[in-house]
Amino acid sequence: MNQDPMDILIGADETEKGDPEAAARHLAGAAEAEGAGDHEMAIAEYRKAVAADPSSESAIFKLAFALDMAGEDEEAISLYEQANRSHRAPLNVLINLAVLYEDRGDYATAEKCLRQVLDTDPNHARARLFMKDVIASRTMYYDEEQDRDMAKRSALLDTPVTDFELSVRARNCLKKMNIRTLGDLLRVSEPELLAYKNFGETSLVEIKQMLAQKKLRLGQRLEDQQRVVRREVFDQARKHNSEAILNKPVSDLNLSVRARKALQMLNIRTIGELASRTEAELMGVKNFGATSLVEINEKLLEHGLSLRQLAF
């Protein structure tokens with residue numbers, strides 16, 4: 001399946017005028033194959049469509065997307081880049097390209113693609129979401145060498161908090177909260193620490209300074225896990241053509257005041273962000289009860305969505 005994209009993407013000036021009709025037939029064949037679940041046949045048809053009309057941005061994008069979904073990242077990137085060289089590159093091309101670059105660790109190029117989208121549409125929900133992820137990814141690890149070395153990072157996160165220079169009060173509080181390692185600490189937020197009995201601002205500042213020396217922060221692992229979950233939700237939506245629904249604001253669900261306040265406390269702004277949460281996360285919000293949970297589940301179901309299920 002790893003065909004050289006340059007064998008396909010010859011310039012329009014090297015052909016006569018292409019054959020748009022033949023390209024359309026192959027695109028229709030690809031759509032039929034996709035409907036039947038035959039993704040390899042679909043990719044073959046998309047290739048034929050691009051070969052028939054190399055200037056067809058639609059054919060190029062659809063082939064790139066199909067390869068993207070099949071995990072053929074290198075060829076997908078080449079095709080997306082080809083589509084991006086058009087005068088008015090589709091925003092989805094730039095976003096998908098940004099996602100692939102981020103997965104490769106090329107955060108600077110990913111950010112550049114997303115900025116192109118936001119320059120055109122500053123309120124594009126998916127671009128704004130992924131921009132936050134890219135910026136966070138560029139700063140979340142302590143240095144490049146450790147970022148490349150999973151064993152070193154794992155060892156650091158497994159380091160007992162008792163190994164760090166903390167006051168007796170801070171250590172005792174962490175022990176009572178069952179926070180044993182640095183990794184445990186990164187799963188806790190500031191409000192959670194301050195809510196614990198006898199844990200004060202002095203201990204909080206002390207812990208934050210210790211983490212800052214390692215270029216880490218409280219709640220970081222929670223944020224990382226949530227980014228992964230959001231990405232999975234949006235990737236599933238891309239496959240089922242429901243991405244537009246996920247980008248809608250939660251206000252479109254017309255929820256009750258109590259439910260809306262709970263979502264505000266969790267900083268949930270879009271339907272996609274809501275779908276990435278679990279029932280347990282919502283039930284953990286103060287004054288959020290079973291009635292509100294039923295209401296949210298019913299509203300999501302109307303859009304063909306549901307809250308994320310925990311995997312056991």
# chains A, B, ... in the order shown; residues from 1 in each chain; ligands from 1
>>> residues_around(residues="A:Arg258", least_positions_apart="2", cutoff="8 Å", atoms="only C-alpha atoms", output="VMD selection string")
chain A and resid 256 260 to 262 287 to 288 292
>>> write_last_selection(atoms="C-alpha atoms", output="short mmCIF file (atom, residue, chain, number, x, y, z; two decimals), in the first residue's frame")
data_model
loop_
_atom_site.label_atom_id
_atom_site.label_comp_id
_atom_site.auth_asym_id
_atom_site.auth_seq_id
_atom_site.Cartn_x
_atom_site.Cartn_y
_atom_site.Cartn_z
CA SER A 256 -31.26 22.74 32.80
CA ARG A 260 -25.17 23.78 32.78
CA LYS A 261 -23.46 24.92 36.00
CA ALA A 262 -21.86 21.51 36.43
CA ASN A 287 -24.77 19.15 43.49
CA PHE A 288 -24.76 17.13 40.25
CA SER A 292 -28.95 15.80 35.64
#
>>> residues_around(residues="A:Arg269", least_positions_apart="5", cutoff="10 Å", atoms="only C-alpha atoms", output="PyMOL selection string")
chain A and resi 125+247-251+260+263-264+274
>>> residues_around(residues="stretch 105-116 of chain A", least_positions_apart="2", cutoff="9 Å", atoms="only C-alpha atoms", output="JSON, numbers by chain")
{"A": [91, 94, 95, 97, 98, 99, 100, 101, 102, 103, 118, 119, 120, 121, 122, 127, 128, 130, 131, 134, 135, 137, 138]}
>>> closest_residue(among="A:Ala259, A:Ala51, A:Arg126, A:Lys62", to="A:Ala28", atoms="only C-alpha atoms")
A:Lys62
>>> closest_residue(among="A:Lys197, A:Pro160, A:Leu216, A:Arg171", to="A:Asp184", atoms="only C-alpha atoms")
A:Pro160
